[in-house]
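*Asks:* One file: coords37.txt (compact mmCIF, C-alpha atoms).
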```
# COMPACT_ATOMS: atom_id res chain seq x y z
CA MET A 20 5.53 -17.99 34.27
CA GLU A 21 3.18 -20.81 33.46
CA ILE A 22 0.34 -19.14 35.39
CA LEU A 23 0.99 -15.90 33.55
CA GLY A 24 0.84 -17.84 30.28
CA TRP A 25 -2.54 -19.30 31.22
CA ILE A 26 -3.89 -15.89 32.27
CA VAL A 27 -2.75 -14.31 29.00
CA SER A 28 -4.21 -17.19 26.98
CA PHE A 29 -7.60 -16.94 28.68
CA ALA A 30 -7.61 -13.14 28.37
CA GLY A 31 -6.82 -13.52 24.66
CA LEU A 32 -9.58 -16.05 24.18
CA GLY A 33 -12.06 -13.83 26.01
CA LEU A 34 -11.11 -10.75 24.00
CA THR A 35 -11.33 -12.71 20.73
CA ALA A 36 -14.82 -13.87 21.68
CA LEU A 37 -15.80 -10.28 22.55
CA VAL A 38 -14.53 -8.89 19.23
CA LEU A 39 -16.39 -11.65 17.34
CA TRP A 40 -19.58 -11.08 19.33
CA ARG A 41 -19.40 -7.32 18.76
CA GLY A 42 -18.86 -7.84 15.03
CA ARG A 43 -21.89 -10.12 14.87
CA TYR A 44 -23.96 -7.68 16.93
CA LEU A 45 -23.08 -4.76 14.60
CA HIS A 46 -23.50 -6.93 11.47
CA ILE A 47 -20.04 -5.93 10.22
CA ILE A 48 -18.53 -9.39 9.80
CA GLY A 49 -19.29 -9.20 6.08
CA ARG A 50 -17.50 -5.87 5.83
CA PHE A 51 -14.27 -7.26 7.29
CA PRO A 52 -14.43 -10.88 6.07
CA PHE A 53 -10.70 -11.67 6.18
CA PHE A 54 -10.25 -10.14 9.60
CA TYR A 55 -13.16 -11.94 11.24
CA SER A 56 -12.19 -15.21 9.51
CA TYR A 57 -8.73 -14.80 10.99
CA LEU A 58 -10.19 -14.16 14.45
CA GLY A 59 -12.55 -17.12 14.10
CA CYS A 60 -9.63 -19.31 13.12
CA GLY A 61 -7.63 -18.00 16.11
CA PHE A 62 -10.51 -18.63 18.50
CA CYS A 63 -11.08 -22.21 17.29
CA GLY A 64 -7.31 -22.92 17.25
CA THR A 65 -6.76 -21.69 20.81
CA PHE A 66 -9.81 -23.60 22.02
CA ALA A 67 -8.57 -26.76 20.30
CA LEU A 68 -5.16 -26.31 21.97
CA PHE A 69 -6.85 -26.16 25.37
CA LEU A 70 -8.65 -29.41 24.63
CA ILE A 71 -5.47 -31.09 23.41
CA PHE A 72 -3.60 -29.90 26.49
CA ARG A 73 -6.33 -31.31 28.73
CA PHE A 74 -7.02 -34.62 27.00
CA ARG A 75 -3.96 -35.47 24.80
CA HIS A 76 -1.09 -33.86 26.66
CA SER A 77 1.58 -35.79 24.76
CA ALA A 78 0.41 -34.30 21.46
CA TYR A 79 0.39 -30.73 22.80
CA PRO A 80 3.94 -29.63 21.75
CA TYR A 81 3.34 -30.83 18.19
CA ALA A 82 -0.09 -29.12 18.08
CA TYR A 83 1.33 -25.91 19.57
CA TRP A 84 4.05 -25.53 16.94
CA LEU A 85 1.68 -26.46 14.15
CA TYR A 86 -0.73 -23.78 15.33
CA PHE A 87 2.17 -21.35 15.73
CA LEU A 88 3.18 -21.83 12.07
CA LEU A 89 -0.41 -21.70 10.85
CA GLY A 90 -0.94 -18.47 12.80
CA ILE A 91 2.05 -16.80 11.13
CA VAL A 92 0.62 -17.57 7.69
CA VAL A 93 -3.00 -16.70 8.53
CA GLU A 94 -1.97 -13.30 9.93
CA PHE A 95 -1.48 -12.10 6.37
CA ALA A 96 -5.29 -12.02 6.19
CA VAL A 97 -5.26 -8.97 8.48
CA LEU A 98 -2.96 -7.20 6.04
CA VAL A 99 -5.26 -8.04 3.13
CA GLU A 100 -8.19 -6.63 5.10
CA ILE A 101 -6.32 -3.40 5.91
CA SER A 102 -5.13 -3.00 2.32
CA ASP A 103 -8.66 -3.50 0.99
CA HIS A 104 -10.14 -0.83 3.26
CA LEU A 105 -7.39 1.78 2.92
CA PHE A 106 -8.01 2.48 -0.74
CA GLU A 107 -11.67 1.47 -0.90
CA PRO A 108 -13.27 4.82 -1.84
CA PHE A 109 -11.00 5.36 -4.83
CA PRO A 110 -11.65 3.13 -7.83
CA ALA A 111 -8.36 3.92 -9.56
CA ILE A 112 -6.21 2.59 -6.72
CA ARG A 113 -8.65 0.18 -5.09
CA GLN A 114 -6.35 -2.78 -5.80
CA LEU A 115 -3.14 -0.92 -4.92
CA GLY A 116 -3.10 -2.34 -1.39
CA ARG A 117 -3.48 -5.90 -2.59
CA ALA A 118 -0.89 -5.40 -5.31
CA LEU A 119 1.63 -4.03 -2.78
CA THR A 120 0.87 -6.87 -0.37
CA ILE A 121 1.30 -9.56 -3.03
CA ILE A 122 4.45 -8.07 -4.59
CA ILE A 123 6.25 -7.51 -1.28
CA LEU A 124 5.17 -10.90 0.03
CA ILE A 125 6.42 -12.75 -3.05
CA GLY A 126 9.64 -10.70 -3.23
CA LEU A 127 10.63 -10.98 0.42
CA GLY A 128 9.22 -14.50 0.63
CA LEU A 129 11.67 -15.70 -2.01
CA ILE A 130 14.79 -13.78 -1.07
CA TYR A 131 14.38 -13.34 2.68
CA ILE A 132 12.03 -15.91 4.24
CA LEU A 133 12.72 -19.00 2.14
CA PRO A 134 16.50 -19.16 2.81
CA THR A 135 15.96 -19.31 6.57
CA ILE A 136 13.64 -22.30 6.15
CA LEU A 137 15.99 -24.10 3.76
CA TYR A 138 19.37 -23.37 5.35
CA SER A 139 18.78 -23.25 9.12
CA HIS A 140 20.95 -25.66 11.10
CA SER A 141 18.26 -26.60 13.63
CA ARG A 142 14.49 -26.83 13.80
CA HIS A 143 14.41 -24.25 16.61
CA SER A 144 16.30 -21.61 14.63
CA ALA A 145 14.26 -22.40 11.51
CA LEU A 146 10.99 -21.86 13.36
CA LEU A 147 12.00 -18.66 15.10
CA GLY A 148 13.84 -17.40 12.03
CA PHE A 149 10.72 -17.96 9.96
CA ALA A 150 8.59 -16.19 12.58
CA LEU A 151 11.01 -13.25 12.74
CA ARG A 152 11.29 -12.80 8.99
CA ALA A 153 7.57 -13.24 8.42
CA SER A 154 6.90 -10.56 11.06
CA LEU A 155 9.37 -8.21 9.42
CA THR A 156 7.78 -8.86 6.01
CA LYS A 157 4.37 -7.97 7.46
CA ALA A 158 5.84 -4.79 8.95
CA VAL A 159 7.33 -3.85 5.57
CA ILE A 160 3.95 -4.42 3.88
CA LEU A 161 2.18 -2.32 6.50
CA GLY A 162 4.80 0.42 6.17
CA ALA A 163 4.42 0.43 2.37
CA LEU A 164 0.62 0.64 2.69
CA LEU A 165 0.89 3.58 5.09
CA LEU A 166 3.35 5.39 2.84
CA ALA A 167 1.09 4.88 -0.18
CA ALA A 168 -1.90 6.14 1.83
CA HIS A 169 0.16 9.14 2.95
CA TYR A 170 1.22 9.89 -0.63
CA TYR A 171 -2.40 10.05 -1.77
CA GLY A 172 -3.49 11.95 1.37
CA LEU A 173 -5.99 9.29 2.41
CA ARG A 174 -7.85 9.51 5.68
CA LEU A 175 -8.15 6.44 7.86
CA GLY A 176 -11.40 5.55 9.55
CA LYS A 177 -11.44 4.61 13.23
CA ASN A 178 -11.87 0.91 12.43
CA VAL A 179 -8.97 0.64 9.99
CA ALA A 180 -6.71 2.86 12.11
CA GLY A 181 -7.40 0.57 15.07
CA LEU A 182 -6.63 -2.53 13.01
CA ILE A 183 -3.33 -0.97 11.94
CA LEU A 184 -2.40 0.20 15.44
CA GLY A 185 -3.13 -3.12 17.13
CA PHE A 186 -1.37 -5.16 14.48
CA SER A 187 1.66 -2.83 14.50
CA ILE A 188 2.12 -3.20 18.26
CA TYR A 189 1.94 -6.97 17.87
CA LEU A 190 4.39 -6.99 14.94
CA GLY A 191 6.84 -4.57 16.61
CA VAL A 192 7.00 -6.67 19.77
CA ASN A 193 7.32 -9.86 17.73
CA ILE A 194 10.25 -8.54 15.69
CA ALA A 195 12.15 -7.42 18.80
CA ASN A 196 11.21 -10.59 20.67
CA PHE A 197 12.17 -13.12 17.98
CA ALA A 198 15.39 -11.21 17.26
CA ALA A 199 16.24 -11.25 20.98
CA ASP A 200 16.08 -15.03 20.84
CA GLN A 201 19.32 -15.03 18.81
CA LEU A 202 21.13 -13.15 21.58
CA PHE A 203 19.34 -14.47 24.65
CA TYR A 204 18.70 -18.00 23.44
CA HIS A 205 18.68 -19.47 26.96
CA LEU A 206 16.04 -16.97 28.12
CA TYR A 207 13.52 -17.68 25.39
CA ASP A 208 12.04 -20.88 26.80
CA ASN A 209 11.64 -19.35 30.26
CA ILE A 210 10.70 -15.70 29.76
CA LEU A 211 10.61 -14.41 26.21
CA TRP A 212 8.02 -16.88 24.90
CA VAL A 213 5.27 -15.06 26.82
CA MET A 214 6.00 -11.69 25.17
CA SER A 215 4.22 -12.58 21.91
CA PRO A 216 1.00 -13.75 23.61
CA ILE A 217 1.01 -10.58 25.77
CA ALA A 218 1.48 -8.41 22.67
CA TYR A 219 -1.31 -10.31 20.91
CA THR A 220 -3.65 -9.76 23.87
CA LEU A 221 -2.83 -6.04 23.80
CA CYS A 222 -3.49 -6.07 20.05
CA LEU A 223 -6.89 -7.72 20.65
CA ALA A 224 -7.75 -5.04 23.23
CA VAL A 225 -6.97 -2.31 20.67
CA TRP A 226 -9.05 -4.13 18.05
CA LEU A 227 -11.95 -4.44 20.46
CA ILE A 228 -11.94 -0.68 21.12
CA ALA A 229 -11.50 0.15 17.42
CA LEU A 230 -14.31 -2.15 16.29
CA TRP A 231 -16.72 -1.44 19.14
CA ASP A 232 -18.66 0.78 16.73
CA PHE A 233 -18.70 0.75 12.98
CA VAL A 234 -17.40 4.02 11.52
CA PRO A 235 -17.46 4.25 7.71
CA THR A 236 -14.21 5.17 5.98
CA PRO A 237 -14.20 8.94 5.50
CA SER A 238 -13.72 10.31 2.03
CA THR A 239 -10.44 12.09 1.41
CA ARG A 240 -12.13 15.41 0.91
CA THR A 241 -15.48 16.99 0.82
CA VAL A 242 -16.61 16.55 -2.72
CA SER A 243 -19.74 17.64 -4.43
CA PRO A 244 -21.75 14.86 -6.06
CA ALA A 245 -20.87 16.43 -9.41
CA SER A 246 -17.17 15.82 -8.95
CA ARG A 247 -17.66 12.15 -8.13
CA ARG A 248 -17.30 9.87 -11.10
CA ASP A 249 -18.20 6.38 -12.07
CA PRO A 250 -15.28 3.98 -12.62
CA GLU A 251 -15.69 4.04 -16.40
CA ALA A 252 -15.18 7.79 -16.52
CA VAL A 253 -12.12 7.48 -14.29
CA THR A 254 -10.74 4.71 -16.54
CA PHE A 255 -11.28 6.96 -19.52
CA GLU A 256 -9.40 9.83 -17.87
CA LEU A 257 -6.52 7.57 -16.80
CA ALA A 258 -6.26 6.10 -20.29
CA ARG A 259 -6.25 9.60 -21.74
CA PHE A 260 -3.38 10.70 -19.53
CA ASN A 261 -1.47 7.54 -20.44
CA ASN A 262 -2.13 8.05 -24.10
CA GLU A 263 -0.97 11.66 -24.07
CA LEU A 264 2.16 10.76 -22.13
CA SER A 265 2.94 7.83 -24.46
CA LYS A 266 2.54 10.06 -27.50
CA PHE A 267 4.76 12.65 -25.90
CA LEU A 268 7.45 10.12 -25.01
CA ASN A 269 7.42 8.52 -28.43
CA LYS A 270 8.12 11.82 -30.19
CA MET B 2 24.62 -6.95 16.58
CA ILE B 3 21.87 -8.22 14.29
CA THR B 4 19.52 -8.32 17.30
CA PHE B 5 20.00 -4.60 17.87
CA ILE B 6 19.40 -3.88 14.19
CA TYR B 7 16.09 -5.75 14.38
CA ALA B 8 15.20 -3.95 17.61
CA ALA B 9 15.95 -0.62 15.90
CA ILE B 10 13.76 -1.66 12.93
CA ALA B 11 10.92 -2.56 15.31
CA ILE B 12 11.18 0.78 17.11
CA GLY B 13 11.43 2.69 13.81
CA PHE B 14 8.38 0.86 12.49
CA LEU B 15 6.32 1.69 15.59
CA ILE B 16 7.39 5.35 15.41
CA LEU B 17 6.34 5.46 11.73
CA VAL B 18 2.93 3.96 12.52
CA PHE B 19 2.29 6.16 15.58
CA GLY B 20 3.45 9.23 13.66
CA PHE B 21 1.14 8.44 10.76
CA LEU B 22 -1.87 7.70 12.98
CA ARG B 23 -1.30 10.70 15.26
CA LYS B 24 -1.12 13.17 12.41
CA PRO B 25 -4.45 15.02 12.35
CA PRO B 26 -6.35 14.44 9.13
CA LEU B 27 -6.13 17.31 6.73
CA ASP B 28 -9.34 19.20 6.11
CA ASP B 29 -8.29 19.38 2.55
CA PRO B 30 -5.55 16.97 1.51
CA ASP B 31 -4.81 19.31 -1.34
CA GLU B 32 -2.87 21.16 1.37
CA ALA B 33 -0.41 18.31 1.12
CA LEU B 34 0.08 19.27 -2.46
CA THR B 35 0.52 22.98 -1.74
CA GLY B 36 3.10 24.42 -4.01
CA LYS B 37 2.34 21.96 -6.76
CA SER B 38 1.01 23.49 -9.90
CA TYR B 39 -1.66 21.64 -11.79
CA ALA B 40 -1.95 21.05 -15.45
CA PRO B 41 -5.12 22.16 -17.15
CA SER B 42 -7.22 19.42 -18.67
CA VAL B 43 -5.20 17.03 -20.77
CA GLY B 44 -7.50 17.88 -23.62
CA ASN B 45 -6.35 21.50 -23.44
CA GLY B 46 -4.47 21.99 -26.71
CA ARG B 47 -2.64 25.15 -25.66
CA TRP B 48 -1.18 23.43 -22.66
CA LEU B 49 0.04 20.59 -24.86
CA ASP B 50 1.47 23.17 -27.29
CA LEU B 51 3.50 24.49 -24.39
CA SER B 52 5.19 21.12 -24.08
CA GLU B 53 5.98 21.25 -27.81
CA ARG B 54 7.82 24.52 -27.23
CA ILE B 55 9.56 23.39 -24.06
CA PHE B 56 10.88 20.19 -25.59
CA ASP B 57 11.69 21.68 -29.00
CA PRO B 58 15.48 22.08 -29.42
CA SER B 59 15.28 24.43 -32.45
CA ASP B 60 15.56 27.67 -30.41
CA ALA B 61 18.69 26.52 -28.60
CA ARG B 62 20.15 25.25 -31.88
CA TRP B 63 19.39 28.58 -33.57
CA LEU B 64 21.16 30.48 -30.77
CA ALA B 65 24.16 28.19 -30.72
CA GLU B 66 24.66 27.51 -34.41
CA GLU B 67 23.23 30.45 -36.37
CA LEU B 68 23.80 33.33 -33.94
CA ALA B 69 26.88 31.76 -32.32
CA PHE B 70 25.82 32.45 -28.75
CA PRO B 71 26.76 29.18 -27.04
CA LYS B 72 26.49 30.62 -23.52
CA LEU B 73 23.02 31.96 -24.20
CA ALA B 74 22.04 28.63 -25.70
CA LYS B 75 23.28 26.87 -22.59
CA ALA B 76 21.29 29.22 -20.36
CA LEU B 77 18.21 28.58 -22.47
CA ILE B 78 18.68 24.81 -22.19
CA LEU B 79 18.97 25.07 -18.40
CA GLU B 80 15.83 27.18 -18.22
CA ARG B 81 13.98 24.81 -20.55
CA ARG B 82 15.03 21.89 -18.38
CA ARG B 83 13.53 23.62 -15.34
CA LEU B 84 10.33 24.28 -17.30
CA ALA B 85 10.22 20.70 -18.55
CA ILE B 86 10.47 19.37 -15.02
CA ARG B 87 7.68 21.71 -13.89
CA TRP B 88 5.55 20.66 -16.84
CA LEU B 89 5.97 16.96 -16.05
CA LYS B 90 5.28 17.54 -12.34
CA ALA B 91 2.14 19.48 -13.19
CA LEU B 92 1.00 16.61 -15.38
CA GLN B 93 1.68 14.19 -12.54
CA ALA B 94 -0.22 16.37 -10.04
CA SER B 95 -3.24 16.47 -12.33
CA PHE B 96 -3.07 12.73 -12.80
CA ASP B 97 -3.00 12.25 -9.01
CA GLU B 98 -6.13 14.38 -8.79
CA VAL B 99 -7.91 11.97 -11.14
CA VAL B 100 -6.63 9.02 -9.13
CA ARG B 101 -8.05 10.55 -5.94
CA THR B 102 -11.51 10.94 -7.41
CA PRO B 103 -14.04 9.22 -5.13
CA GLU B 104 -16.50 6.82 -6.67
CA ILE B 105 -20.23 7.37 -6.89
CA THR B 106 -21.68 4.84 -4.47
CA SER B 107 -25.34 4.04 -4.46
CA GLY B 108 -25.41 3.24 -0.75
CA ALA B 109 -23.29 2.08 2.12
CA ALA B 110 -22.43 -1.19 0.41
CA ALA B 111 -18.77 -1.77 -0.26
CA PRO B 112 -17.92 -1.81 -3.95
CA ALA B 113 -16.88 -5.16 -5.29
CA ALA B 114 -13.46 -5.81 -6.72
CA SER B 115 -13.47 -6.29 -10.44
CA ALA B 116 -11.19 -6.78 -13.38
CA GLY B 117 -11.79 -3.10 -14.19
CA SER B 118 -10.13 -1.96 -10.99
CA TRP B 119 -7.00 -4.00 -11.80
CA ARG B 120 -6.93 -2.38 -15.23
CA MET B 121 -7.18 1.05 -13.64
CA LEU B 122 -4.34 0.17 -11.29
CA TRP B 123 -2.26 -0.92 -14.27
CA LEU B 124 -2.90 2.46 -15.94
CA VAL B 125 -1.87 4.26 -12.74
CA ILE B 126 1.34 2.25 -12.38
CA ARG B 127 2.15 2.60 -16.07
CA PHE B 128 1.73 6.37 -15.95
CA LYS B 129 3.81 6.66 -12.78
CA LEU B 130 6.63 4.61 -14.29
CA LEU B 131 6.61 6.58 -17.54
CA VAL B 132 6.50 10.00 -15.90
CA SER B 133 9.23 9.03 -13.41
CA TYR B 134 11.36 7.83 -16.30
CA ALA B 135 10.71 11.07 -18.22
CA LEU B 136 11.66 13.16 -15.16
CA LEU B 137 14.84 11.14 -14.72
CA VAL B 138 15.86 11.57 -18.36
CA VAL B 139 15.11 15.31 -18.31
CA ARG B 140 17.04 15.77 -15.06
CA LEU B 141 20.05 13.78 -16.27
CA PHE B 142 20.26 14.66 -19.96
CA GLY B 143 18.10 17.75 -20.36
CA PRO B 144 14.86 18.33 -22.27
CA TYR B 145 16.24 17.68 -25.75
CA HIS B 146 17.28 14.11 -25.26
CA ARG B 147 15.04 11.58 -26.99
CA LEU B 148 12.92 10.36 -24.13
CA MET B 149 12.17 6.86 -25.24
CA PRO B 150 13.44 4.48 -27.88
CA SER B 151 10.71 3.20 -30.18
CA ILE B 152 8.53 0.71 -28.33
CA SER B 153 6.03 0.03 -31.09
CA TRP B 154 7.12 -3.62 -31.18
CA ILE B 155 5.97 -4.13 -27.57
CA PRO B 156 2.43 -5.52 -27.62
CA PHE B 157 1.18 -3.56 -24.60
CA SER B 158 1.61 -0.18 -26.22
CA ARG B 159 -0.61 -1.17 -29.16
CA GLU B 160 -3.07 -2.79 -26.82
CA SER B 161 -3.16 0.33 -24.70
CA GLU B 162 -3.85 2.41 -27.79
CA HIS B 163 -6.70 0.12 -28.81
CA SER B 164 -8.16 -0.01 -25.33
CA PHE B 165 -7.95 3.76 -25.11
CA GLN B 166 -9.90 4.04 -28.36
CA ARG B 167 -12.46 1.53 -27.10
CA ALA B 168 -12.80 3.43 -23.80
CA ALA B 169 -13.17 6.72 -25.70
CA LEU B 170 -15.86 5.20 -27.92
CA ALA B 171 -17.73 3.76 -24.94
CA HIS B 172 -17.51 7.03 -23.09
CA SER B 173 -18.76 9.09 -26.01
CA ARG B 174 -21.70 6.68 -26.40
CA SER B 175 -22.59 6.80 -22.71
CA SER B 176 -22.38 10.59 -22.57
CA ARG B 177 -24.84 11.02 -25.42
```
Do you think you could lay out the structure here as structure tokens?
*Replies:*
Amino acid sequence: MEILGWIVSFAGLGLTALVLWRGRYLHIIGRFPFFYSYLGCGFCGTFALFLIFRFRHSAYPYAYWLYFLLGIVVEFAVLVEISDHLFEPFPAIRQLGRALTIIILIGLGLIYILPTILYSHSRHSALLGFALRASLTKAVILGALLLAAHYYGLRLGKNVAGLILGFSIYLGVNIANFAADQLFYHLYDNILWVMSPIAYTLCLAVWLIALWDFVPTPSTRTVSPASRRDPEAVTFELARFNNELSKFLNK
Amino acid sequence: MITFIYAAIAIGFLILVFGFLRKPPLDDPDEALTGKSYAPSVGNGRWLDLSERIFDPSDARWLAEELAFPKLAKALILERRRLAIRWLKALQASFDEVVRTPEITSGAAAPAASAGSWRMLWLVIRFKLLVSYALLVVRLFGPYHRLMPSISWIPFSRESEHSFQRAALAHSRSSR
């Protein structure tokens, strides 16, 4: 199992380096700043863990769990990136993704994630409980983003669709894996721990394919230049609708 | 047991994502809205007059009280409720059209986030909440129920009115 763990770790590191190199080659790092920052952070963190394992072995468990916790938090950056790109062409709902992400994160963070940190009986269950609930929260955010995109009939570009697909596979496996720990507690240390790194490596492979070329986000429909509007005109129209509805409701 | 619930959630989530990503993009997403009727421009006075008629209880009152046809009055109320729901849905469909208006971009550069886009989002959410509330009231109590208690004491409604006037003024200046 340990050899498999090393193989998966090196494959993950290699794929991360490839995705970063490709992003730099295509000059798209600035277009996906949160995503590439997250990958950069992941690359440096994994590399630092290798060094700690080699030179300060006694500190490795502490460093591993610290990196594990940091990774769970930093993964929200991928969601912010996806939410920013989903609604990008439409000024009226450009911030909808971020708003959904923030609201769901705060809501579930307070009522669902926080209790497991505060009331867990052991450090092990607190860590895995936090990982499980954070993964589920991310899945809920992603689901809400997809439903909102579906409601407005938005098209996904290849890059964003790939980000969503890769991240979903990773989250789905994580949810099942961390939940399985509650039932198969004795198996986690031996077998189940490797499932998350394998899922992450698969996720990186999907991201590499999706971001191999830059494909601009397609517009929802073919529109003539005349029907496009500047944000001020859209604000005016939205305010007008609101005003008419308010007048109507106040009658 | 809880493990299996989580496993089911994970599988359901993956099915949702795969289903959404596999669905071929619509050539015209308006197809998704097939069957929805659209409101004419909000500025269209005749269309707004229609709402006055739909939500006006005087006809039903006249039938019930002056002509003493309670059954007819009831039938009229039911029909008016159906019309009111269609009117509100048409208004919502037209609003969604405005929301889905792409921006004029001067190049491939990604547009920057601004305070304006948060304000637009607030207008979208506000409209959605109000129209959902109106639909709920019409569905539950019919078209002749007072839709909203007076909210003039809430600061945001006055602010919205002022900002609307400011936006209208700015727009009229820029269109000259």
*Asks:* Hey, which bits of chain A sit within 6 Å of chain B, and for each residue what's the closest pair of atoms and how far apart in Å (one decimal), counting only C-alpha atoms, rows by chain and increasing number, as CSV?
*Replies:*
```
residue,atom,partner,partner_atom,distance
A:Pro108,CA,B:Pro103,CA,5.5
A:Phe109,CA,B:Pro103,CA,4.9
A:Ala111,CA,B:Met121,CA,5.1
A:Ile112,CA,B:Leu122,CA,5.5
A:Gly172,CA,B:Pro30,CA,5.4
A:Gly191,CA,B:Ala11,CA,4.7
A:Ala195,CA,B:Ala8,CA,4.8
A:Ala198,CA,B:Thr4,CA,5.0
A:Ala199,CA,B:Thr4,CA,5.7
A:Arg240,CA,B:Asp29,CA,5.8
A:Arg247,CA,B:Pro103,CA,5.5
A:Arg248,CA,B:Glu104,CA,5.4
A:Asp249,CA,B:Ile105,CA,5.7
A:Thr254,CA,B:Met121,CA,5.9
A:Phe255,CA,B:Ala168,CA,5.8
A:Ala258,CA,B:Phe165,CA,5.6
A:Asn261,CA,B:Phe128,CA,5.6
A:Leu268,CA,B:Leu148,CA,5.5
A:Asn269,CA,B:Met149,CA,6.0
```
*Asks:* In Å to one decimal, how far is CA of Trp84 (chain A) from CA of Leu39 (chain A)?
*Replies:*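 If I compute the distance from CA of Leu39 (chain A) to CA of Trp84 (chain A), I get 24.7 Å.
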*Asks:* Take CA of Ala67 (chain A) and CA of Leu184 (chain A) and report the distance between them in Å, one decimal.
*Replies:* 28.1 Å
*Asks:* List the neighbours of region 146-152 of chain A out to 10 Å using all atoms listed in the file; skip same-chain residues closer than 6 positions along the sequence, and give me the result as a PyMOL selection string.
*Replies:* (chain A and resi 84+87-88+90-92+127-128+131-136+139+158+190+193-201) or (chain B and resi 7)
*Asks:* Okay, now the selection with C-alpha atoms, as a CSV table (one decimal), keeping the file's coordinate frame?
*Replies:*
```csv
chain,number,residue,atom,x,y,z
A,84,TRP,CA,4.0,-25.5,16.9
A,87,PHE,CA,2.2,-21.4,15.7
A,88,LEU,CA,3.2,-21.8,12.1
A,90,GLY,CA,-0.9,-18.5,12.8
A,91,ILE,CA,2.0,-16.8,11.1
A,92,VAL,CA,0.6,-17.6,7.7
A,127,LEU,CA,10.6,-11.0,0.4
A,128,GLY,CA,9.2,-14.5,0.6
A,131,TYR,CA,14.4,-13.3,2.7
A,132,ILE,CA,12.0,-15.9,4.2
A,133,LEU,CA,12.7,-19.0,2.1
A,134,PRO,CA,16.5,-19.2,2.8
A,135,THR,CA,16.0,-19.3,6.6
A,136,ILE,CA,13.6,-22.3,6.2
A,139,SER,CA,18.8,-23.2,9.1
A,158,ALA,CA,5.8,-4.8,9.0
A,190,LEU,CA,4.4,-7.0,14.9
A,193,ASN,CA,7.3,-9.9,17.7
A,194,ILE,CA,10.2,-8.5,15.7
A,195,ALA,CA,12.2,-7.4,18.8
A,196,ASN,CA,11.2,-10.6,20.7
A,197,PHE,CA,12.2,-13.1,18.0
A,198,ALA,CA,15.4,-11.2,17.3
A,199,ALA,CA,16.2,-11.2,21.0
A,200,ASP,CA,16.1,-15.0,20.8
A,201,GLN,CA,19.3,-15.0,18.8
B,7,TYR,CA,16.1,-5.8,14.4
```
*Asks:* Find, counting only C-alpha atoms, the residue in A:Leu68, A:Ile228, A:Ala153, A:Leu115 that gets nearest to Glu94 (chain A).
*Replies:*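 For Glu94 (chain A), the nearest of the given residues is A:Ala153.
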*Asks:* Identify which of the residues B:Trp88, B:Arg140, B:Asp60, B:Ser133 lies closest to Ala76 (chain B), counting only C-alpha atoms when measuring atom-to-atom distances.
*Replies:* B:Asp60
*Asks:* Would you compute the distance between CA of Val213 (chain A) and CA of Gly20 (chain B)? Give it in Å to one decimal.
*Replies:*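 Computed distance, CA of Val213 (chain A) to CA of Gly20 (chain B), equals 27.7 Å.
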*Asks:* For Trp226 (chain A), list every protein, DNA or RNA residue within 12 Å, evaluated using all atoms listed in the file, and leave out those in the same chain fewer than 2 positions away; present the list as number ranges by chain.
*Replies:* A: 31, 34-39, 41-42, 54-55, 58, 97, 177-189, 219-224, 228-233
*Asks:* Output C-alpha atoms for every residue in the selection just made, as a JSON list (two decimals), keeping the file's coordinate frame.
*Replies:*
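part-v3.json, freshly written:
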```json
[["chain", "number", "residue", "atom", "x", "y", "z"],
["A", 31, "GLY", "CA", -6.82, -13.52, 24.66],
["A", 34, "LEU", "CA", -11.11, -10.75, 24.00],
["A", 35, "THR", "CA", -11.33, -12.71, 20.73],
["A", 36, "ALA", "CA", -14.82, -13.87, 21.68],
["A", 37, "LEU", "CA", -15.80, -10.28, 22.55],
["A", 38, "VAL", "CA", -14.53, -8.89, 19.23],
["A", 39, "LEU", "CA", -16.39, -11.65, 17.34],
["A", 41, "ARG", "CA", -19.40, -7.32, 18.76],
["A", 42, "GLY", "CA", -18.86, -7.84, 15.03],
["A", 54, "PHE", "CA", -10.25, -10.14, 9.60],
["A", 55, "TYR", "CA", -13.16, -11.94, 11.24],
["A", 58, "LEU", "CA", -10.19, -14.16, 14.45],
["A", 97, "VAL", "CA", -5.26, -8.97, 8.48],
["A", 177, "LYS", "CA", -11.44, 4.61, 13.23],
["A", 178, "ASN", "CA", -11.87, 0.91, 12.43],
["A", 179, "VAL", "CA", -8.97, 0.64, 9.99],
["A", 180, "ALA", "CA", -6.71, 2.86, 12.11],
["A", 181, "GLY", "CA", -7.40, 0.57, 15.07],
["A", 182, "LEU", "CA", -6.63, -2.53, 13.01],
["A", 183, "ILE", "CA", -3.33, -0.97, 11.94],
["A", 184, "LEU", "CA", -2.40, 0.20, 15.44],
["A", 185, "GLY", "CA", -3.13, -3.12, 17.13],
["A", 186, "PHE", "CA", -1.37, -5.16, 14.48],
["A", 187, "SER", "CA", 1.66, -2.83, 14.50],
["A", 188, "ILE", "CA", 2.12, -3.20, 18.26],
["A", 189, "TYR", "CA", 1.94, -6.97, 17.87],
["A", 219, "TYR", "CA", -1.31, -10.31, 20.91],
["A", 220, "THR", "CA", -3.65, -9.76, 23.87],
["A", 221, "LEU", "CA", -2.83, -6.04, 23.80],
["A", 222, "CYS", "CA", -3.49, -6.07, 20.05],
["A", 223, "LEU", "CA", -6.89, -7.72, 20.65],
["A", 224, "ALA", "CA", -7.75, -5.04, 23.23],
["A", 228, "ILE", "CA", -11.94, -0.68, 21.12],
["A", 229, "ALA", "CA", -11.50, 0.15, 17.42],
["A", 230, "LEU", "CA", -14.31, -2.15, 16.29],
["A", 231, "TRP", "CA", -16.72, -1.44, 19.14],
["A", 232, "ASP", "CA", -18.66, 0.78, 16.73],
["A", 233, "PHE", "CA", -18.70, 0.75, 12.98]]
```
